[in-house]
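Next comes my_file_8.cif, with mmCIF, C-alpha atoms.
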data_upload
#
loop_
_atom_site.label_atom_id
_atom_site.label_comp_id
_atom_site.auth_asym_id
_atom_site.auth_seq_id
_atom_site.Cartn_x
_atom_site.Cartn_y
_atom_site.Cartn_z
CA MET A 169 0.00 0.00 0.00
CA VAL A 170 2.83 2.41 0.88
CA PHE A 171 4.58 1.54 -2.38
CA ALA A 172 1.38 2.23 -4.34
CA GLU A 173 0.88 5.59 -2.61
CA LEU A 174 4.43 6.61 -3.51
CA LEU A 175 4.08 5.45 -7.10
CA ARG A 176 0.63 6.97 -7.71
CA PRO A 177 1.89 10.53 -8.41
CA ALA A 178 4.40 9.18 -10.92
CA LEU A 179 1.71 7.20 -12.73
CA LEU A 180 -0.60 10.21 -12.88
CA ALA A 181 2.21 12.35 -14.25
CA ALA A 182 2.96 9.63 -16.81
CA ALA A 183 -0.69 9.75 -17.91
CA ARG A 184 0.08 13.17 -19.45
CA SER A 185 3.38 12.14 -21.06
CA PRO A 186 3.41 11.46 -24.83
CA ARG A 187 6.86 9.91 -24.49
CA MET A 188 5.68 7.46 -21.84
CA GLU A 189 2.62 6.68 -23.94
CA ARG A 190 4.82 5.58 -26.82
CA THR A 191 6.84 3.38 -24.45
CA VAL A 192 3.86 1.73 -22.74
CA ALA A 193 2.04 1.14 -26.03
CA LYS A 194 5.00 -0.92 -27.30
CA ILE A 195 4.92 -3.36 -24.39
CA PRO A 196 3.24 -6.55 -25.72
CA VAL A 197 1.32 -7.30 -22.53
CA THR A 198 -0.27 -3.84 -22.39
CA ARG A 199 -3.03 -4.63 -24.87
CA ASN A 200 -4.22 -7.63 -22.86
CA LEU A 201 -4.50 -5.57 -19.68
CA VAL A 202 -6.09 -2.61 -21.46
CA ASP A 203 -8.83 -4.97 -22.62
CA ARG A 204 -9.81 -5.44 -18.96
CA PHE A 205 -10.69 -1.77 -18.62
CA VAL A 206 -11.53 -0.63 -22.18
CA ALA A 207 -14.36 -2.17 -24.22
CA GLY A 208 -12.52 -2.17 -27.54
CA GLN A 209 -11.51 0.54 -29.95
CA THR A 210 -14.59 0.68 -32.21
CA GLU A 211 -18.21 1.63 -31.82
CA ALA A 212 -19.25 -1.88 -32.84
CA GLU A 213 -17.24 -3.37 -29.98
CA ALA A 214 -18.72 -0.86 -27.54
CA ILE A 215 -22.28 -1.69 -28.65
CA VAL A 216 -21.69 -5.42 -28.12
CA ALA A 217 -20.32 -4.77 -24.62
CA THR A 218 -23.22 -2.40 -23.89
CA ALA A 219 -25.82 -5.00 -24.83
CA GLY A 220 -24.18 -7.51 -22.48
CA ILE A 221 -24.18 -5.05 -19.59
CA LEU A 222 -27.83 -4.13 -20.14
CA ASP A 223 -28.85 -7.80 -20.38
CA SER A 224 -27.36 -8.34 -16.92
CA GLY A 225 -29.72 -5.74 -15.43
CA ARG A 226 -27.07 -3.05 -15.05
CA TYR A 227 -27.25 0.49 -16.41
CA ILE A 228 -24.44 1.90 -18.51
CA THR A 229 -22.62 5.13 -19.28
CA ILE A 230 -20.41 5.14 -22.37
CA ASP A 231 -17.31 7.27 -22.82
CA TYR A 232 -15.65 7.68 -26.19
CA LEU A 233 -12.11 8.18 -24.98
CA GLY A 234 -10.33 11.41 -25.78
CA GLU A 235 -9.27 14.62 -24.05
CA ASP A 236 -7.05 17.68 -24.42
CA THR A 237 -8.15 18.34 -28.00
CA THR A 238 -5.86 20.86 -29.70
CA GLU A 239 -7.53 21.23 -33.11
CA MET A 240 -11.03 22.15 -34.23
CA SER A 241 -11.06 19.17 -36.59
CA GLN A 242 -10.45 16.79 -33.69
CA ALA A 243 -13.39 18.23 -31.78
CA SER A 244 -15.62 17.89 -34.84
CA VAL A 245 -14.63 14.24 -35.27
CA THR A 246 -15.52 13.56 -31.63
CA VAL A 247 -18.93 15.18 -32.04
CA SER A 248 -19.63 13.16 -35.20
CA HIS A 249 -18.64 9.99 -33.41
CA TYR A 250 -21.02 10.67 -30.53
CA LEU A 251 -23.87 11.44 -32.92
CA THR A 252 -23.33 8.13 -34.71
CA LEU A 253 -23.06 6.30 -31.39
CA LEU A 254 -26.32 7.82 -30.14
CA SER A 255 -28.08 6.75 -33.32
CA SER A 256 -27.02 3.17 -32.57
CA LEU A 257 -27.93 3.44 -28.88
CA ALA A 258 -31.45 4.62 -29.72
CA HIS A 259 -32.27 1.04 -30.71
CA LEU A 260 -31.18 -0.22 -27.27
CA ALA A 261 -32.74 2.51 -25.11
CA PRO A 262 -36.10 1.43 -23.64
CA THR A 263 -39.01 3.85 -23.87
CA THR A 264 -39.98 5.25 -20.48
CA ALA A 265 -43.25 6.99 -19.76
CA ASP A 266 -41.87 8.70 -16.67
CA ASP A 267 -38.97 11.03 -17.43
CA ARG A 268 -38.13 11.14 -13.73
CA SER A 269 -37.18 7.46 -13.77
CA PRO A 270 -33.51 6.58 -14.29
CA ARG A 271 -32.49 6.01 -17.90
CA SER A 272 -30.59 2.79 -18.42
CA ILE A 273 -28.27 4.27 -21.05
CA GLU A 274 -26.11 7.36 -20.73
CA VAL A 275 -23.11 8.84 -22.50
CA SER A 276 -20.28 10.64 -20.73
CA LEU A 277 -18.57 13.66 -22.29
CA LYS A 278 -15.20 15.26 -21.65
CA LEU A 279 -15.47 18.92 -22.63
CA SER A 280 -11.76 19.12 -23.41
CA ALA A 281 -12.41 16.58 -26.18
CA LEU A 282 -15.10 18.93 -27.55
CA GLY A 283 -12.76 21.91 -27.86
CA GLN A 284 -12.97 23.48 -24.40
CA PHE A 285 -9.42 24.78 -24.48
CA LEU A 286 -8.95 25.56 -28.13
CA PRO A 287 -7.28 28.92 -28.74
CA GLY A 288 -9.79 31.72 -29.00
CA ASP A 289 -13.27 30.89 -27.81
CA GLY A 290 -12.92 27.26 -26.74
CA HIS A 291 -15.66 27.71 -24.16
CA LYS A 292 -18.17 28.58 -26.87
CA VAL A 293 -16.98 25.76 -29.14
CA ALA A 294 -17.34 23.15 -26.37
CA LEU A 295 -20.76 24.50 -25.38
CA GLU A 296 -22.06 24.34 -28.95
CA ASN A 297 -20.63 20.86 -29.52
CA ALA A 298 -22.05 19.56 -26.24
CA HIS A 299 -25.43 21.07 -27.12
CA LYS A 300 -25.49 19.09 -30.38
CA ILE A 301 -24.76 15.88 -28.52
CA CYS A 302 -27.34 16.59 -25.81
CA THR A 303 -29.98 17.26 -28.47
CA ALA A 304 -29.27 13.93 -30.17
CA ALA A 305 -29.22 12.14 -26.80
CA GLU A 306 -32.62 13.55 -25.87
CA GLU A 307 -34.05 12.26 -29.15
CA ALA A 308 -32.50 8.83 -28.49
CA GLY A 309 -33.81 8.61 -24.92
CA VAL A 310 -30.29 8.64 -23.51
CA TRP A 311 -28.93 10.61 -20.57
CA VAL A 312 -25.76 12.73 -20.76
CA THR A 313 -23.25 13.40 -17.98
CA VAL A 314 -20.32 15.79 -18.30
CA ASP A 315 -17.11 14.30 -16.90
CA ALA A 316 -14.68 16.06 -14.60
CA GLU A 317 -11.03 16.55 -15.54
CA ASP A 318 -8.16 18.20 -13.68
CA HIS A 319 -8.89 21.15 -11.36
CA THR A 320 -7.93 23.80 -13.95
CA THR A 321 -11.04 22.85 -15.94
CA THR A 322 -13.58 22.89 -13.11
CA ASP A 323 -14.85 26.47 -13.32
CA SER A 324 -15.21 26.33 -17.10
CA THR A 325 -16.87 22.91 -16.98
CA LEU A 326 -19.45 23.86 -14.35
CA SER A 327 -20.19 27.08 -16.23
CA ILE A 328 -20.91 25.13 -19.42
CA VAL A 329 -23.02 22.62 -17.47
CA HIS A 330 -25.06 25.48 -16.01
CA GLU A 331 -25.73 26.87 -19.50
CA LEU A 332 -26.62 23.46 -20.93
CA ARG A 333 -29.05 22.68 -18.12
CA GLU A 334 -31.25 25.57 -19.24
CA ASP A 335 -32.19 23.41 -22.24
CA PHE A 336 -31.40 19.97 -20.80
CA PRO A 337 -32.37 19.95 -17.10
CA ALA A 338 -31.57 16.23 -16.74
CA LEU A 339 -27.91 16.81 -17.66
CA GLY A 340 -25.55 15.30 -15.11
CA THR A 341 -22.06 16.31 -14.08
CA VAL A 342 -19.18 14.88 -12.08
CA LEU A 343 -17.67 16.23 -8.87
CA GLN A 344 -14.36 14.97 -7.48
CA ALA A 345 -14.29 14.59 -3.70
CA TYR A 346 -10.56 15.13 -3.35
CA LEU A 347 -10.83 18.76 -4.47
CA LYS A 348 -11.18 21.06 -1.48
CA ARG A 349 -13.89 23.07 -3.23
CA THR A 350 -16.18 20.08 -3.81
CA GLU A 351 -18.18 20.21 -0.57
CA ALA A 352 -19.34 23.71 -1.52
CA ASP A 353 -20.07 22.55 -5.07
CA CYS A 354 -22.15 19.66 -3.72
CA LYS A 355 -24.24 22.06 -1.64
CA ASP A 356 -24.72 24.35 -4.63
CA LEU A 357 -25.59 21.62 -7.11
CA SER A 358 -27.75 19.22 -5.07
CA ARG A 359 -30.93 20.95 -6.18
CA PRO A 360 -34.15 19.34 -7.48
CA GLY A 361 -33.55 17.67 -10.83
CA SER A 362 -29.76 17.70 -10.61
CA ARG A 363 -27.71 14.57 -11.24
CA ILE A 364 -24.28 14.47 -9.63
CA ARG A 365 -21.75 11.67 -10.03
CA LEU A 366 -19.44 11.72 -7.02
CA CYS A 367 -16.02 10.15 -7.50
CA LYS A 368 -12.82 10.40 -5.48
CA GLY A 369 -10.73 11.91 -8.29
CA ALA A 370 -8.09 10.50 -10.61
CA TYR A 371 -5.72 13.33 -11.58
CA LYS A 372 -2.44 14.51 -10.09
CA GLU A 373 -3.41 17.63 -8.12
CA PRO A 374 -1.38 19.92 -5.85
CA ALA A 375 -1.98 20.02 -2.09
CA SER A 376 -3.17 23.61 -2.43
CA VAL A 377 -6.38 22.47 -4.14
CA ALA A 378 -6.77 18.78 -3.29
CA PHE A 379 -6.63 16.54 -0.25
CA GLN A 380 -3.63 14.23 -0.28
CA GLY A 381 -3.55 10.63 0.94
CA LYS A 382 -6.24 7.96 1.10
CA ALA A 383 -7.55 8.78 4.59
CA ALA A 384 -8.10 12.47 3.83
CA VAL A 385 -9.75 11.71 0.48
CA ASP A 386 -12.02 9.08 2.04
CA GLU A 387 -13.15 11.56 4.70
CA ALA A 388 -13.86 14.18 2.04
CA TYR A 389 -15.82 11.65 -0.01
CA LEU A 390 -18.01 10.76 2.97
CA ARG A 391 -18.72 14.44 3.72
CA CYS A 392 -19.73 15.09 0.10
CA LEU A 393 -21.77 11.90 -0.01
CA ARG A 394 -23.83 12.97 3.00
CA ILE A 395 -24.57 16.33 1.36
CA LEU A 396 -25.76 14.73 -1.87
CA ILE A 397 -27.86 12.02 -0.22
CA ARG A 398 -29.56 14.63 1.98
CA GLY A 399 -30.03 16.96 -1.00
CA GLN A 400 -32.81 17.11 -3.54
CA GLY A 401 -30.99 15.78 -6.58
CA TYR A 402 -30.16 12.33 -7.92
CA PRO A 403 -26.82 11.16 -6.45
CA MET A 404 -24.66 8.82 -8.51
CA VAL A 405 -22.19 7.16 -6.15
CA ALA A 406 -19.09 6.22 -8.14
CA SER A 407 -16.86 4.02 -5.99
CA HIS A 408 -15.51 0.48 -5.69
CA ASP A 409 -14.68 0.96 -2.01
CA PRO A 410 -16.93 -1.29 0.11
CA LEU A 411 -16.93 1.29 2.92
CA MET A 412 -18.16 4.05 0.61
CA ILE A 413 -20.83 1.79 -0.90
CA GLU A 414 -22.08 0.72 2.52
CA ALA A 415 -22.14 4.35 3.66
CA ALA A 416 -24.18 5.33 0.59
CA LEU A 417 -26.72 2.55 1.19
CA GLN A 418 -27.01 3.41 4.87
CA HIS A 419 -27.44 7.16 4.26
CA ALA A 420 -30.03 6.47 1.54
CA LYS A 421 -31.98 4.26 3.93
CA GLU A 422 -31.85 6.87 6.68
CA GLU A 423 -33.09 9.58 4.29
CA GLY A 424 -35.87 7.39 2.94
CA ARG A 425 -34.55 7.30 -0.63
CA THR A 426 -36.00 4.57 -2.84
CA ALA A 427 -33.89 2.57 -5.30
CA ASP A 428 -35.03 4.90 -8.11
CA GLU A 429 -33.69 7.99 -6.30
CA PHE A 430 -29.97 7.23 -6.43
CA GLU A 431 -27.56 4.80 -8.06
CA LEU A 432 -24.16 3.19 -7.59
CA GLN A 433 -21.52 3.28 -10.32
CA MET A 434 -18.45 1.18 -11.04
CA LEU A 435 -15.93 0.93 -13.85
CA TYR A 436 -16.06 -1.60 -16.65
CA GLY A 437 -13.87 -4.57 -15.76
CA VAL A 438 -13.64 -3.82 -12.04
CA ARG A 439 -15.37 -5.97 -9.37
CA ASP A 440 -17.82 -7.61 -11.77
CA THR A 441 -18.99 -10.13 -9.17
CA GLU A 442 -19.78 -7.35 -6.72
CA GLN A 443 -21.64 -5.42 -9.40
CA LEU A 444 -23.92 -8.38 -10.04
CA ARG A 445 -24.39 -8.99 -6.31
CA LEU A 446 -25.64 -5.43 -5.87
CA ILE A 447 -28.02 -5.87 -8.81
CA ASP A 448 -29.38 -9.03 -7.17
CA ALA A 449 -29.90 -6.94 -4.02
CA GLN A 450 -32.20 -4.64 -6.05
CA GLN A 451 -29.75 -1.73 -6.22
CA HIS A 452 -29.37 0.31 -9.39
CA LEU A 453 -25.79 0.09 -10.64
CA ARG A 454 -24.33 1.80 -13.70
CA VAL A 455 -21.16 0.62 -15.44
CA TYR A 456 -18.76 3.25 -16.81
CA LEU A 457 -17.74 1.77 -20.17
CA PRO A 458 -14.92 3.50 -22.09
CA TYR A 459 -13.81 2.66 -25.61
CA GLY A 460 -11.68 4.09 -28.41
CA ASP A 461 -8.05 4.21 -29.43
CA GLN A 462 -7.19 7.10 -27.09
CA TRP A 463 -6.97 4.71 -24.16
CA TYR A 464 -3.61 5.63 -22.68
CA GLY A 465 -4.49 8.39 -20.20
CA TYR A 466 -7.52 6.48 -18.94
CA PHE A 467 -5.48 3.28 -18.56
CA MET A 468 -2.71 4.95 -16.55
CA ARG A 469 -5.23 6.54 -14.18
CA ARG A 470 -6.77 3.10 -13.56
CA LEU A 471 -3.34 1.72 -12.67
CA ALA A 472 -2.80 4.59 -10.25
CA GLU A 473 -6.17 4.18 -8.55
CA ARG A 474 -5.87 0.64 -7.23
CA PRO A 475 -2.80 -1.27 -6.05
CA ALA A 476 -4.36 -4.48 -7.39
CA ASN A 477 -4.40 -3.06 -10.92
CA LEU A 478 -0.77 -2.01 -10.69
CA ALA A 479 0.32 -5.33 -9.16
CA PHE A 480 -1.41 -7.22 -11.98
CA PHE A 481 0.34 -5.08 -14.59
CA LEU A 482 3.79 -5.50 -13.01
CA LYS A 483 3.24 -9.25 -12.66
CA SER A 484 2.27 -9.43 -16.33
CA LEU A 485 5.42 -7.56 -17.33
CA THR A 486 7.59 -9.93 -15.31
CA SER A 487 5.93 -13.00 -16.80
CA GLN A 488 6.76 -11.76 -20.31
CA ARG A 489 10.51 -11.79 -19.69
#
Show me this structure written as structure tokens.
Amino acid sequence: MVFAELLRPALLAAARSPRMERTVAKIPVTRNLVDRFVAGQTEAEAIVATAGILDSGRYITIDYLGEDTTEMSQASVTVSHYLTLLSSLAHLAPTTADDRSPRSIEVSLKLSALGQFLPGDGHKVALENAHKICTAAEEAGVWVTVDAEDHTTTDSTLSIVHELREDFPALGTVLQAYLKRTEADCKDLSRPGSRIRLCKGAYKEPASVAFQGKAAVDEAYLRCLRILIRGQGYPMVASHDPLMIEAALQHAKEEGRTADEFELQMLYGVRDTEQLRLIDAQQHLRVYLPYGDQWYGYFMRRLAERPANLAFFLKSLTSQR
């Protein structure tokens, strides 16, 4: 555990390194491990994985991997890809008479992939691109949640989310518990109709803005969780930690929330048996399913998050020698 805590900052830094990406991508065993966490590189592969998840009784949120877009053409390609994906998902999305009920299918967006930080008016570009995707999602009967990225993006992201919610009130967003500002954001955003995915956070952040160390982050997560469960929105509890899951279920019970008034979320390829156990216990659980060829940054953050992931990777490397 101590080794993992020491190595985590290095892995998160490596997630932003093009040089390290080239090195890791050349390691033969990498592809096999990536397949544990990423549902293929194509839309067709993602649709097959999605159908399997839905058949098991789980909900799903789909992320077409990509971030830090530097060219307008890249942002346009991402938008086109999401529009095509949503057209395919429309055939899988069940019709619901009650719009307040959870939707089984959702897509997740990273605004940096939509042009958020392009030179000039990236804010406007990302807003317009996200609006196109939200419009198509509404027609397909699919929810949309805007992902969180590193702390430098938070103000811009929440501003865009606020503008989008004027037309798409069911739009969700992600808050990261390790940021010191997040408790205040939870209080501000846990209003009627809001959907907030609470995660611990997966980027390398300075101590000036983020809690450091597992114990401090866990405590922050529990504080934010209590705010959201007691609030008037729809909490989405993104965690694999049994203590956080048990806390969420206990708080929901104490506040009288029904199963339709909150959900649990876990990553594709992580704790599958536990996911199915929770479904059998009549809990709503959504699987975060990423796909695409821009897998590197996502993969490195998964290694940094859990010592078991890192140990598996290092063992695989050793076995290849």
Give me the residues within 9 Å of A:Cys302 as a PyMOL selection string, counting only C-alpha atoms and dropping any in the same chain fewer than 5 places off.
chain A and resi 297+307+310-312+332+336+339
Residues just named, written with C-alpha atoms as a compact mmCIF listing (two decimals), in the coordinates of the input:
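The resulting file, again.txt, is shown below:
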# COMPACT_ATOMS: atom_id res chain seq x y z
CA ASN A 297 -20.63 20.86 -29.52
CA GLU A 307 -34.05 12.26 -29.15
CA VAL A 310 -30.29 8.64 -23.51
CA TRP A 311 -28.93 10.61 -20.57
CA VAL A 312 -25.76 12.73 -20.76
CA LEU A 332 -26.62 23.46 -20.93
CA PHE A 336 -31.40 19.97 -20.80
CA LEU A 339 -27.91 16.81 -17.66
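Take atom CA of A:Ile364 and atom CA of A:Arg454: the distance between them is 13.3 Å.
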Identify the residues around (-27.1, 15.4, -0.2) within a radius of 12 Å, measuring from all atoms listed in the file in the coordinates stated by the file, and give them as a count of residues only.
40
Computed interatomic separation between atom CA of A:Thr252 and atom CA of A:Ala212 (Å):
11.0 Å
Matched chain/residue IDs from the PyMOL selection byres ((chain A and resi 287-295) around 9), as a VMD selection string
chain A and resid 238 to 240 243 279 to 286 296 to 300 324 to 325 328 to 329 331 to 332
Straight-line distance linking atom CA of A:Gly208 with atom CA of A:Leu435, stated in Å to one decimal:
14.4 Å
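Checking A:Gln209, A:Ser256, A:Ser244, A:Thr426 one by one against A:Ser269, counting all atoms listed in the file, you find the shortest gap at A:Thr426.
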Dump as a Markdown table the rows for residues of stretch 274-326 of chain A within 12 Å of stretch 257-263 of chain A: closest atom pair and distance in Å with one decimal, all atoms listed in the file counted, ordered by chain and rising residue number.
| residue | atom | partner | partner_atom | distance |
| --- | --- | --- | --- | --- |
| A:Glu274 | CA | A:Leu257 | CA | 9.2 |
| A:Val275 | CA | A:Leu257 | CA | 9.6 |
| A:Ala304 | CA | A:Ala258 | CA | 9.6 |
| A:Ala305 | CA | A:Ala258 | CA | 8.4 |
| A:Glu306 | CA | A:Ala258 | CA | 9.8 |
| A:Glu307 | CA | A:Ala258 | CA | 8.1 |
| A:Ala308 | CA | A:Ala258 | CA | 4.5 |
| A:Gly309 | CA | A:Ala261 | CA | 6.2 |
| A:Val310 | CA | A:Ala261 | CA | 6.8 |
| A:Trp311 | CA | A:Ala261 | CA | 10.0 |
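Minimum distance to A:Ala375 across A:Leu444, A:Leu347, A:Ala388, A:Leu222 (counting all atoms listed in the file) occurs at A:Leu347.
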When the PyMOL selection byres ((chain A and resi 233) around 6) is applied to the file above, which residues end up in the set, as a ChimeraX atom specification?
/A:231-232,234,459-460,462
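Restricting the calculation to only C-alpha atoms, the smallest distance between A:Ile221 and any of A:Ala383, A:Leu417, A:Cys367, A:Leu457 is found for A:Leu457.
Nearest to A:Val377 of all the residues A:Met412, A:Ala427, A:Tyr227, A:Thr320 is A:Thr320, counting only C-alpha atoms.
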When the PyMOL selection byres ((chain A and resi 373) around 12) is applied to the file above, which residues end up in the set, as a ChimeraX atom specification?
/A:176-178,180-181,317-320,344,346-348,369-372,374-381
Since the input is missing atoms for stretch 299-309 of chain A, could you rebuild it with all heavy atoms and give the result as a CSV table (one decimal), in the frame of the given file?
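The file below, selection.csv, is the result:
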chain,number,residue,atom,x,y,z
A,299,HIS,N,-24.0,20.9,-26.9
A,299,HIS,CA,-25.4,21.1,-27.1
A,299,HIS,C,-25.9,20.2,-28.2
A,299,HIS,O,-27.0,19.6,-28.2
A,299,HIS,CB,-25.7,22.5,-27.5
A,299,HIS,CG,-27.1,23.0,-27.3
A,299,HIS,ND1,-28.1,22.6,-28.3
A,299,HIS,CD2,-27.7,23.7,-26.4
A,299,HIS,CE1,-29.2,23.1,-27.9
A,299,HIS,NE2,-29.1,23.8,-26.7
A,300,LYS,N,-25.1,20.0,-29.3
A,300,LYS,CA,-25.5,19.1,-30.4
A,300,LYS,C,-25.6,17.7,-29.9
A,300,LYS,O,-26.6,17.0,-30.2
A,300,LYS,CB,-24.4,19.1,-31.5
A,300,LYS,CG,-24.3,20.4,-32.2
A,300,LYS,CD,-23.1,20.4,-33.2
A,300,LYS,CE,-22.9,21.7,-33.9
A,300,LYS,NZ,-21.7,21.7,-34.8
A,301,ILE,N,-24.7,17.2,-29.0
A,301,ILE,CA,-24.8,15.9,-28.5
A,301,ILE,C,-25.9,15.7,-27.6
A,301,ILE,O,-26.7,14.7,-27.6
A,301,ILE,CB,-23.4,15.5,-27.8
A,301,ILE,CG1,-22.3,15.5,-28.8
A,301,ILE,CG2,-23.5,14.2,-27.1
A,301,ILE,CD1,-20.9,15.4,-28.2
A,302,CYS,N,-26.2,16.7,-26.7
A,302,CYS,CA,-27.3,16.6,-25.8
A,302,CYS,C,-28.7,16.5,-26.6
A,302,CYS,O,-29.6,15.8,-26.2
A,302,CYS,CB,-27.3,17.8,-24.9
A,302,CYS,SG,-26.0,17.7,-23.6
A,303,THR,N,-28.8,17.3,-27.7
A,303,THR,CA,-30.0,17.3,-28.5
A,303,THR,C,-30.2,15.9,-29.0
A,303,THR,O,-31.3,15.3,-29.0
A,303,THR,CB,-29.9,18.3,-29.6
A,303,THR,OG1,-29.7,19.6,-29.0
A,303,THR,CG2,-31.1,18.3,-30.5
A,304,ALA,N,-29.2,15.3,-29.6
A,304,ALA,CA,-29.3,13.9,-30.2
A,304,ALA,C,-29.6,12.9,-29.1
A,304,ALA,O,-30.4,12.0,-29.3
A,304,ALA,CB,-28.0,13.6,-30.9
A,305,ALA,N,-29.0,13.1,-27.9
A,305,ALA,CA,-29.2,12.1,-26.8
A,305,ALA,C,-30.7,12.2,-26.3
A,305,ALA,O,-31.3,11.2,-26.1
A,305,ALA,CB,-28.3,12.4,-25.6
A,306,GLU,N,-31.2,13.4,-26.3
A,306,GLU,CA,-32.6,13.6,-25.9
A,306,GLU,C,-33.5,12.8,-26.8
A,306,GLU,O,-34.5,12.1,-26.4
A,306,GLU,CB,-33.0,15.0,-25.8
A,306,GLU,CG,-34.3,15.3,-25.1
A,306,GLU,CD,-34.2,15.0,-23.6
A,306,GLU,OE1,-33.1,15.0,-23.0
A,306,GLU,OE2,-35.3,14.7,-23.1
A,307,GLU,N,-33.2,12.9,-28.1
A,307,GLU,CA,-34.0,12.3,-29.2
A,307,GLU,C,-33.9,10.7,-29.0
A,307,GLU,O,-34.9,10.0,-29.4
A,307,GLU,CB,-33.6,12.7,-30.5
A,307,GLU,CG,-33.9,14.2,-30.8
A,307,GLU,CD,-33.3,14.7,-32.1
A,307,GLU,OE1,-32.6,13.9,-32.8
A,307,GLU,OE2,-33.6,15.9,-32.5
A,308,ALA,N,-32.8,10.3,-28.6
A,308,ALA,CA,-32.5,8.8,-28.5
A,308,ALA,C,-33.0,8.2,-27.2
A,308,ALA,O,-32.9,7.0,-27.0
A,308,ALA,CB,-31.0,8.6,-28.7
A,309,GLY,N,-33.4,9.1,-26.2
A,309,GLY,CA,-33.8,8.6,-24.9
A,309,GLY,C,-32.6,8.2,-24.0
A,309,GLY,O,-32.7,7.3,-23.2
